[in-house]
Amino acid sequence: IAQLRLRSNTLWFVLFCFVLFLTAFFASKLEHESKHCNGKGFQRPGSSAFDRVYTANQNCGHAYPTFLAVLWCAGLLCSQAPAAFAGLMYLFVRQKYFVGYLGERTQSTPGYLFGKRIILFLFLMSLAGILNYYLIFFFGSDFEMHIKTITSAISPLLLIP
Amino acid sequence: IAQLRLRSNTLWFVLFCFVLFLTAFFASKLEHESKHCNGKGFQRPGSSAFDRVYTANQNCGHAYPTFLAVLWCAGLLCSQAPAAFAGLMYLFVRQKYFVGYLGERTQSTPGYLFGKRIILFLFLMSLAGILNYYLIFFFGSDFEMHIKTITSAISPLLLIP
Amino acid sequence: IAQLRLRSNTLWFVLFCFVLFLTAFFASKLEHESKHCNGKGFQRPGSSAFDRVYTANQNCGHAYPTFLAVLWCAGLLCSQAPAAFAGLMYLFVRQKYFVGYLGERTQSTPGYLFGKRIILFLFLMSLAGILNYYLIFFFGSDFEMHIKTITSAISPLLLIP
């Protein structure tokens, strides 16, 4: 019965991740459309510095719940150290996005989304953890060590700007 | 001691759900007041298409953490398949809300909240799961199968527009 | 192996809480900077009542995911009753913040952040729960009862305005 419970829990994680992924897909579609509508990313028309701080903060706030949920799943289902490293990288990228947003007006502002690579990395970690549970269940082979090694090896690639 | 732990965990779920419910209650009160203040739902005064995309996105972003938390509770405490179905329906309703918001200006725009029925459904699923744990604990009778059958039977009703 | 699993899970909680803490730190830095930029907290320039409702709602929405995650951690890792009490206090403080925001314009509006004390309290509860797990693991001494007594004793202090 423990195996049945495990299977239903992993099924639940798969569906939860699917909903998260669709939300991120909608956000990227929104960014694409807003670029057609307005040349400067998802920014309100307004020239003052305050307007730009406000918009940058809004855009950061919208990606935050998705990020927290993916970070949680990646840490629980896969390995903790690369997930925490990705979490710290997210904070640095967010800081950089803020500074870039407040920079020179002539320079191109960053788009609506940021940290796409980090959220994708955490999402793939969750998927790898789920696949590993299924492999244990159906084939009896455990690739947990290999997955942890691979994710630890890949995580420094997030440092590339 | 496992039963004691179970009881304290379900107590915690009850209180967590209560906080979520109060938040949703405040949001609905806000919608009611904003309709008095401004005839067109919770929309900033502004006529351009960009303004409307912006407002629709803001409104969607505010309900998102509550939705994720309720979805998570419903999946863990009750059954997974109806919860995932409700999650997919939420995404469709959100898409429809977006399209409706960007539609003709003469037409009535939707209000601040959307997907009230879906969040209520997920919340009732969580409550049913919690009540079931208490029934197991106090009376020793397990209605889990019945709850799963009932929620699976009710979930297609979310398709009604 | 259960102990090893426990240790890796608590390590994960430590890192998750660290990411939450850094986010809250960025938010407080943002509040500090926005006070330099604009005398009236993180409010958009706009005089109508609707503008103020809108801004108050935005500011509430941004702290919400952090609050939910900290509330969840505090309830799971430490004791449930003080965490639920802090959750209810958060809802009252939020209501008070709303009313204060919509008050007289001459009066000083509250800043961008609110409920700092409550989020700090929940965060310290999570840390105490994690430290207790480590103490059990390394020294075999269990302070869970003492921590629960202390947090229950401290929680009424949140009532002080």
# chains A, B, ... in the order shown; residues from 1 in each chain; ligands from 1
call {"tool": "residues_around", "arguments": {"residues": "range 115-126 of chain B", "least_positions_apart": "6", "cutoff": "9 Å", "atoms": "only C-alpha atoms", "output": "JSON, numbers by chain"}}
result
{"B": [13, 14, 17, 20, 21, 66, 67, 70, 71, 73, 74, 75, 76, 77, 78, 79, 82, 83, 86, 87, 89, 90, 93, 94, 147, 151, 155, 158]}
call {"tool": "residues_around", "arguments": {"residues": "Tyr64 in chain A", "least_positions_apart": "3", "cutoff": "9 Å", "atoms": "only C-alpha atoms", "output": "VMD selection string"}}
result
(chain A and resid 60 to 61 67 to 69) or (chain C and resid 62 65 to 66)
call {"tool": "atom_distance", "arguments": {"atom1": "CA of Ala81 in chain C", "atom2": "CA of Lys148 in chain C"}}
result
9.0 Å
call {"tool": "atom_distance", "arguments": {"atom1": "CA of Phe114 in chain B", "atom2": "CA of Leu30 in chain A"}}
result
18.4 Å
call {"tool": "select_by_dssp", "arguments": {"residues": "range 65-135 of chain A", "states": "helix (DSSP H, G or I)", "output": "JSON, numbers by chain"}}
result
{"A": [65, 66, 67, 68, 69, 70, 71, 72, 73, 74, 75, 76, 77, 80, 81, 82, 83, 84, 85, 86, 87, 88, 89, 90, 91, 92, 93, 94, 95, 96, 97, 98, 99, 100, 101, 116, 117, 118, 119, 120, 121, 122, 123, 124, 125, 126, 127, 128, 129, 130, 131, 132, 133, 134, 135]}
